[in-house]
Structure formats: structure tokens, C-alpha cells
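Some notes on the structure that comes next.
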Amino acid sequence: MDYRYGYKNKKEEADMGKKISLFLLGIVIAFIPLIVRAAEHSTNLTQFAWFGGGDDSLDVFLIVKGQALTLVAILMLFALGAKLFLDGKKMKLPVWMYAVFGYAALTTISTLISKYRSFGFNGMYEQHETLWVILAYCVVLIYAFVFASDSYGISFVRGALAVLAVVHSYIGITQLVGADFWGTKLGRFLIIPSSFDNAEAIRENLSFTFSGSGNHQVYLTLYNPNYVGSYAALVFPIFLVLAVFSKKIWKKAFWGIITIINFLCAMGSGSKTFLGAFAVSAVFAVVLFRQKLKKGWPIMVGFAAIIIVSTAVYFNYIGMNLLTYLKNSMATQKNDSLLEKVELKNDHAEITYNGVKFNMSYDASGEEAILHFTKDDGSEISYQTNEEGVLVTLNDEKLTDLSFQYLMPATNIEGYLINCNTPKGSFAFMNTKDGYKIYTGGGKLDDIYNAPAAVIKDHDAFASGRGYIWSRTFPVFFNHLFLGTGADTFTIAFPQNDYIGRLNGGFGSMIITKPHNLFLQIGVQSGGLALLCFLALAVIYIVQTFKIYWKKELSGETETFGVAISLGIIGYLFAGIFNDSCVALAPLYWVFLGVGYGINAYVAKKDNVGSETNEGKNS
């Protein structure tokens with residue numbers, strides 16, 4: 001079977017079977033990203049000392065989306081099987097499809113051999129991108145390529161995207177102006193199923209982290225404002241190209257309004273990633289549309305002016321300086337933490353602070369404790385207490401920022417603990433029968449692990465704390481270079497017991513559930529080989545797109561839409577440097593990658609038919 005639909009001189013008409021097949025694609029584009037529905041689940045993380053939450057948790061943005069996507073992918077498999085059977089022709093696979101199969105197979109293998117494979121099958125707390133979801137991505141890509149590679153299918157995809165854009169625009173506007181749709185009575189009703197016990201009470205008590213912060217932060221239906229940045233990186237180039245190059249005035253007006261709202265939503269999200277993604281996409285746009293821009297530059301300038309004015313008005317509305325915002329997004333800062341290292345020994349804690357290494361031990365005696373501070377040379381460090389006698393400060397000019405408290409644990413652990421306060425936060429440790437142990441945010445005892453850093457060192461604050469996460473993720477990636485740790489296992493693979501590193505990095509007792517980097521995420525979980533397959537899929541597509549459209553005038557809607565998708569893919573991949581894959585957004589990337597491959601096949605087939613026709617005429 002040849003997956004590419006042949007070109008016809010007349011507009012293709014779709015039969016009922018084709019329409020039903022495209023309906024499944026429309027669900028993935030226009031419906032699944034909009035799902036915001038609560039689901040209860042078990043974290044299964046209470047077994048780890050570093051986890052401070054309970055076993056029962058509530059998810060709103062991810063689980064139901066993943067379940068819906070998986071169900072649709074199963075139906076797509078049946079549709080693909082039926083097409084293969086009914087066509088009855090020998091299947092001819094394009095080269096890039098082997099990369100899809102490789103990515104799917106390697107992710108499956110990495111999950112099956114994982115020590116924590118249950119998370120890959122059942123989902124991880126705050127992530128829920130299971131093996132089934134990842135396999136669904138691969139199915140969606142192939143399905144989009146097969147069924148959206150003719151003019152009718154391509155037009156259908158544009159229509160489905162328009163539906164999604166309108167709904168997201170409405171929700172985004174409500175969040176921009178501080179009247180979040182999800183906070184309304186209807187929004188709360190849609191979020192909380194009536195089957196929940198005390199559903200009405202839960203709806204009333206729902207809190208909204210981002211829109212309720214007073215900053216009017218936009219998160220749409222995408223779980224976190226960061227993903228709004230990646231979403232904008234993917235769809236903004238598509239919206240803008242459709243606005244500029246649509247031939248009908250009403251289409252220009254429609255996509256123009258959508259483009260402006262999308263840009264404002266991206267700015268309102270607070271995500272800085274999309275700024276770089278837009279710049280990168282713009283460079284490729286100038287190259288590919290270089291011939292069209294000779295005539296269309298006034299429209300481009302007009303849109304740019306509208307966006308600049310809209311942005312200035314919005315930033316004035318929220319009381320933020322745009323230049324300061326841009327400056328902060330580019331700032332880099334070397335580590336300035338004075339707490340260098342903490343090691344817990346059998347009979348003392350060894351602390352290195354501001355270049356001074358000293359030992360601290362204590363003898364617990366009811367409500368009082370005898371504290372001992374000594375330097376490496378054995379000399380005592382004297383200390384003083386406050387009027388209440390509970391706060392201890394050291395009489396050393398290099399250690400004046402430190403203070404210690406003698407406290408009783410909040411949990412049922414027997415004994416007393418010492419809480420050490422630093423300018424970056426505090427950590428606590430206990431003298432137990434098994435030696436000194438750190439007292440975690442979850443009220444458990446654990447050993448400290450000083451995680452190694454690689455590639456990005458001494459810049460933990462870079463990119464809003466991503467420097468710390470990346471530097472500690474690279475060693476994990478190198479240790480699981482080929483097959484990874486399994487789907488949805490990043491949270492466990494990451495050194496969560498790097499308590500001091502997390503404190504210095506600004507994360508304190510926060511659990512790090514995502515690497516904030518698409519490529520590191522795939523490399524750690526699915527392995528380096530799977531990452532190569534993923535990159536191959538993207539690179540082959542981008543190269544293929546340039547080869548097809550490089551010398552074209554891009555006069556038709558299909559061709560311009562195909563180029564627009566490639567710009568969105570490039571933008572999403574750039575945003576992937578700073579954001580990871582999430583089931584709230586990733587299905588759109590895989591759909592449009594498949595549609596992009598389909599349009600390329602359609603245009604290439606049309607060109608070949610046209611070339612053969614011209615040769616026949618000339619002969």
C-alpha cells in the first residue's frame with residue numbers, strides 16, 4: 001500500500017469512511033487538549049523518604065487526557081488496519097517511519113526492563129505520560145500522515161485547529177483579565193465529576209494556583225503556564241502564516257485575531273521560552289518565504305506593529321516593565337550559596353559553609369540539648385542563644401549567617417532534631433541509633449546524597465532554576481545511556497535525595513518531577529537510542545520540507561500551510577530545550593508532525609504528476 005494519496009485536478013471529495021477517519025484526528029486536535037477533568041489516583045511514592053505527600057492524589061489536567069488519547073489511538077489502529085486490508089496493496093514505508101517504530105520499540109523495552117516499570121504502565125505523580133501515551137503519540141503521527149495527506153484531509157485539520165484556537169482564545173482572555181473560566185460555576189462543574197463524594201464542596205473549595213495568584217497568569221487547559229509557551233511556539237507560526245497568506249479577507253481577519261490573542265496569552269503565561277522560539281521560527285520563515293515577503297512585507301509589518309502595541313498595552317495593564325522582563329529572561333548568575341557541603345557521619349554532622357569546615361554534634365536531654373561545634377583542627381566554636389534559648393548562633397565571623405534550633409519532630413519519630421537555618425532555607429537532621437540522618441520534608445529519615453553535576457556547573461539558577469535540574473540530570477542520562485530508566489520514571493531516576501543541592505538550587509523540599517528539557521526527558525526515560533530516533537524524525541522532516549519548498553513560490557494554501565507547520569515544529573523543538581513533553585500538549589506536536597509529513601508527500605506527488613504531464617505534452 002502506498003500511503004500517499006494521488007493528486008487530482010479537481011478538489012477531492014471524501015466518502016463517509018474518510019470523514020469518520022478524520023473525525024478521530026479532529027478529536028486529538030480540537031477536543032483532547034481541552035479536557036480538564038479531575039481523576040483520583042495513588043502516587044505509590046510514600047515508599048521513598050524524599051516524598052512528603054500522601055498516597056492519594058487528585059489530578060485535573062493529565063490523567064483523563066491520557067486515557068482519552070489512548071482510547072482514540074486504539075480506534076486509530078483499527079482504522080489503519082481496515083485501510084490496509086481494504087486497499088490490499090503492498091505497503092511501502094517511508095524511511096522516517098522506521099524511526100517511529102524504533103522510538104516505540106525502544107521505549108517499550110526500557111519500560112519492560114525498568115526496576116520501576118509499574119509507573120511506566122500506571123503513571124507518575126504530576127506527569128502521567130505512560131508507555132501507553134507514548135505509543136499513542138506514535139500511532140497518532142502515522143494516522144495523521146495517512147489520513148491528512150490530501151486536500152480534504154488538510155482542510156479538515158485546519159478546521160479542527162480553528163476550533164481549538166477559538167476555545168483557547170476565549171479561555172486565555174478570561175485568564176488575562178482575571179476572570180478565569182475554570183473558576184466559574186460552569187468551569188468548576190466541568191472539572192469535578194458529580195460521581196465524587198462531596199462533589200459540591202470540592203467545587204467550592206477549588207483553588208487556582210496561577211490565575212488565583214493575582215498575576216492573571218495564563219495556563220489555558222495545559223496544566224502549567226510553561227506549556228503555554230511551548231503551545232505558542234508550536235501554533236503561533238501557523239496562525240501567523242494563515243493570517244498573512246490566506247487569500248480571503250475573512251480568513252485573514254479570523255486568523256489575525258487568533259494570532260494576536262495567542263501572542264498575548266503567551267506573554268500572559270510568564271513563560272520566557274516562546275520569545276526564543278519565535279525568533280528561531282522567524283529566521284526559518286524569512287528563508288522559506290523569502291519570495292513571498294517581497295510582496296507581503298506590508299502585511300507582516302502591520303501584524304508586527306499590532307503585536308508590539310498589544311504587548312505594550314498588556315504589560316502596562318499588569319504593571320510590569322517589558323524591558324525588565326526581557327532582561328530577566330536572559331540573565332545568568334553563578335552560584336552564590338555559601339553552604340558548600342553537608343555530610344552526616346555516625347557521631348556528628350560535617351558542614352562546610354563559607355569556606356569553613358566544622359563538625360556539629362548534640363546530646364539530647366528532654367527539652368534541652370548540649371551542642372558541640374568544632375573545627376577541623378579540634379578547636380571549639382563558641383555560640384550564643386537568644387533570649388528564649390532556642391536559637392543558637394555561632395561566634396565566628398564567617399558563620400554568622402547560620403543558626404541552629406533544637407526541635408521536636410512533627411511526626412511520630414522518637415527523639416529531637418536540629419534545624420539549621422541558612423540564607424537559602426533550612427534543613428534538619430537527627431542523631432539516631434544508626435547515626436546522623438537528615439529529617440526530610442516528608443517527616444522521614446534519610447541519608448544525604450551529594451549528587452554530581454555535569455555539563456552545566458556552578459549555574460544552578462540559570463533559566464529559572466533549570467541549571468540545577470539539568471546539571472544533576474546529565475549524570476543520570478549518562479548512567480542509562482542506551483535504554484533509559486523506563487517511561488514516566490524521571491521522578492525516581494532524579495537524585496531527589498540531593499537535599500543540600502536542592503536547597504541551594506532554590507527547590508527546598510520541592511519534588512522535581514520533570515527535567516524541563518524534552519531531550520533530556522526522552523534520553524533519561526527511553527534512552528539515548530530512542531532519543532536518536534526522536535531526533536531523526538524531526539530532522540528528516542525539516543530537511544525534507546526545505547528540499548520540497550526551497551524553490552517554490554508558495555502560492556497555494558496547502559503549500560503555505562505545510563511550511564507553517566514546519567515553522568511550528570521548529571519552534572516547539574526549540575522550546576523543548578526549556579520545557580519537557582506533557583500529555584496536555586504533546587499530542588498536538590505529534591499530530592502536526594504527521595500532518596507535515598502528509599502534506600510533504602501530497603505536494604511531492606503533485607509535483608511529480610505535474611512533471612510527468614508536462615513531459616507528455618512536450619513529447
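Residue numbers start at 1 in each chain; chains themselves are named A, B, ... in the order of the C-alpha cells; ligands are numbered from 1 in the order shown.
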Using only C-alpha atoms, which residues sit within 12 Å of Phe427 (chain A) once same-chain residues fewer than 2 positions away are excluded, as a PyMOL selection string? chain A and resi 339+342+351+402-405+417-425+429-430+437-441+443+448+498-504+508-509
List every residue of region 233-305 of chain A that has an atom at most 12 Å from any atom of region 458-478 of chain A, and for each one report the closest atom pair and its distance in Å to one decimal, counting only C-alpha atoms, with rows sorted by chain and then by increasing residue number, as JSON lines.
{"residue": "A:Gly270", "atom": "CA", "partner": "A:Ser464", "partner_atom": "CA", "distance": 11.6}
{"residue": "A:Ser271", "atom": "CA", "partner": "A:Ser464", "partner_atom": "CA", "distance": 10.3}
{"residue": "A:Lys272", "atom": "CA", "partner": "A:Ala463", "partner_atom": "CA", "distance": 9.1}
{"residue": "A:Thr273", "atom": "CA", "partner": "A:Ala463", "partner_atom": "CA", "distance": 9.4}
Store the residues of this selection in a file with N, CA, C and O atoms, as a CSV table (one decimal), in the first residue's frame.
chain,number,residue,atom,x,y,z
A,270,GLY,N,3.8,34.2,31.3
A,270,GLY,CA,5.0,34.4,32.0
A,270,GLY,C,6.1,33.5,31.5
A,270,GLY,O,7.3,33.7,32.0
A,271,SER,N,5.9,32.6,30.6
A,271,SER,CA,6.9,31.8,30.1
A,271,SER,C,7.8,32.6,29.1
A,271,SER,O,7.3,33.2,28.2
A,272,LYS,N,9.1,32.5,29.3
A,272,LYS,CA,10.0,33.3,28.5
A,272,LYS,C,10.5,32.5,27.3
A,272,LYS,O,11.1,33.0,26.4
A,273,THR,N,10.2,31.2,27.3
A,273,THR,CA,10.7,30.3,26.3
A,273,THR,C,10.2,30.7,24.9
A,273,THR,O,11.0,30.6,23.9
Kindly indicate which residue among A:Met510, A:Leu293, A:Leu25, A:Leu242 lies nearest to Leu141 (chain A), using only C-alpha atoms for the distances.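 Closest to Leu141 (chain A) of all the choices is A:Leu25.
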Contact residues around region 52-68 of chain A with only C-alpha atoms at 10 Å, ignoring same-chain residues under 6 positions, as a PDB file with C-alpha atoms, in the first residue's frame:
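Written out: around.pdb:
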ATOM      1  CA  ILE A  27     -10.744  14.668  18.467  1.00  0.00           C
ATOM      2  CA  VAL A  28      -6.979  14.678  19.071  1.00  0.00           C
ATOM      3  CA  PHE A  31     -11.003  18.050  21.949  1.00  0.00           C
ATOM      4  CA  ILE A  32      -8.316  16.215  23.914  1.00  0.00           C
ATOM      5  CA  PRO A  33      -6.201  19.344  24.614  1.00  0.00           C
ATOM      6  CA  LEU A  34      -9.305  20.978  26.126  1.00  0.00           C
ATOM      7  CA  ILE A  35     -10.037  18.233  28.673  1.00  0.00           C
ATOM      8  CA  VAL A  36      -9.811  19.473  32.256  1.00  0.00           C
ATOM      9  CA  ARG A  37     -11.314  16.752  34.423  1.00  0.00           C
ATOM     10  CA  ALA A  38     -10.400  15.523  37.880  1.00  0.00           C
ATOM     11  CA  ALA A  39      -9.282  11.941  38.480  1.00  0.00           C
ATOM     12  CA  GLU A  40      -8.136  10.303  41.694  1.00  0.00           C
ATOM     13  CA  HIS A  41      -5.021   8.153  41.731  1.00  0.00           C
ATOM     14  CA  SER A  42      -2.452   6.607  44.037  1.00  0.00           C
ATOM     15  CA  THR A  43       1.024   8.142  43.945  1.00  0.00           C
ATOM     16  CA  ASN A  44       2.792   4.974  45.187  1.00  0.00           C
ATOM     17  CA  LEU A  45       5.632   7.277  46.269  1.00  0.00           C
ATOM     18  CA  THR A  46       5.256   7.092  50.040  1.00  0.00           C
ATOM     19  CA  ASN A 122       0.186   3.251  35.526  1.00  0.00           C
ATOM     20  CA  GLY A 123       1.552   6.789  35.508  1.00  0.00           C
ATOM     21  CA  MET A 124       3.722   9.020  37.675  1.00  0.00           C
ATOM     22  CA  TYR A 125       2.602  11.716  40.083  1.00  0.00           C
ATOM     23  CA  GLU A 126       2.294  15.093  38.287  1.00  0.00           C
ATOM     24  CA  GLN A 127       3.396  13.570  34.982  1.00  0.00           C
ATOM     25  CA  HIS A 128       1.201  10.658  33.765  1.00  0.00           C
ATOM     26  CA  GLU A 129       2.932  10.276  30.399  1.00  0.00           C
ATOM     27  CA  THR A 130       2.767   6.480  30.482  1.00  0.00           C
ATOM     28  CA  TRP A 132       0.547   3.764  26.548  1.00  0.00           C
ATOM     29  CA  VAL A 133       0.512   7.525  25.994  1.00  0.00           C
ATOM     30  CA  ILE A 134       3.897   7.475  24.259  1.00  0.00           C
ATOM     31  CA  ALA A 136      -0.365   6.606  21.279  1.00  0.00           C
ATOM     32  CA  ILE A 191     -13.591  19.884  36.431  1.00  0.00           C
ATOM     33  CA  ILE A 192     -15.148  17.877  39.275  1.00  0.00           C
ATOM     34  CA  THR A 221      -6.012  23.952  29.650  1.00  0.00           C
ATOM     35  CA  LEU A 222      -2.334  22.987  29.633  1.00  0.00           C
ATOM     36  CA  TYR A 223      -1.577  22.292  33.316  1.00  0.00           C
ATOM     37  CA  ASN A 224       1.226  24.838  33.682  1.00  0.00           C
ATOM     38  CA  THR A 440      13.081  15.209  55.236  1.00  0.00           C
ATOM     39  CA  GLY A 441      10.224  17.496  54.349  1.00  0.00           C
ATOM     40  CA  GLY A 442       8.007  14.435  54.463  1.00  0.00           C
ATOM     41  CA  GLY A 443       8.876  13.830  58.098  1.00  0.00           C
ATOM     42  CA  LYS A 444      11.097  10.812  57.356  1.00  0.00           C
ATOM     43  CA  SER A 509      11.576  20.358  49.861  1.00  0.00           C
ATOM     44  CA  MET A 510      10.008  20.530  46.395  1.00  0.00           C
ATOM     45  CA  ILE A 511       9.856  17.236  44.472  1.00  0.00           C
ATOM     46  CA  CYS A 582       3.486  16.661  28.597  1.00  0.00           C
ATOM     47  CA  VAL A 583       0.310  14.849  27.594  1.00  0.00           C
ATOM     48  CA  ALA A 584      -1.520  18.177  27.911  1.00  0.00           C
ATOM     49  CA  LEU A 585       0.297  19.458  24.817  1.00  0.00           C
ATOM     50  CA  PRO A 587      -0.338  15.159  21.137  1.00  0.00           C
TER      51      PRO A 587
END
Find the distance between CA of Phe51 (chain A) and CA of Ala410 (chain A) and write it in Å to one decimal.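 Here the two named atoms are 15.5 Å from each other.
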I'd like to know which of A:Gln291, A:Gln217, A:Ser337, A:Gln544 is closest to Ile171 (chain A), using only C-alpha atoms.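 Looking at the shortest contact to Ile171 (chain A), the residue is A:Gln217.
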What residues in region 433-498 of chain A get the DSSP label alpha helix (DSSP H)? Please answer as a list in words.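 Written out, the alpha helix (DSSP H) residues of region 433-498 of chain A are Phe462, Ala463, Ser464, Gly465, Arg466, Gly467, Tyr468, Ile469, Trp470, Ser471, Arg472, Thr473, Phe474, Pro475, Val476, Phe477, Phe478, Asn479, Phe490, Thr491, Ile492 and Ala493 of chain A.
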Using only C-alpha atoms for the distances, tell me which of A:Tyr219, A:Phe145, A:Phe358, A:Tyr353 is nearest to Lys398 (chain A). A:Tyr353
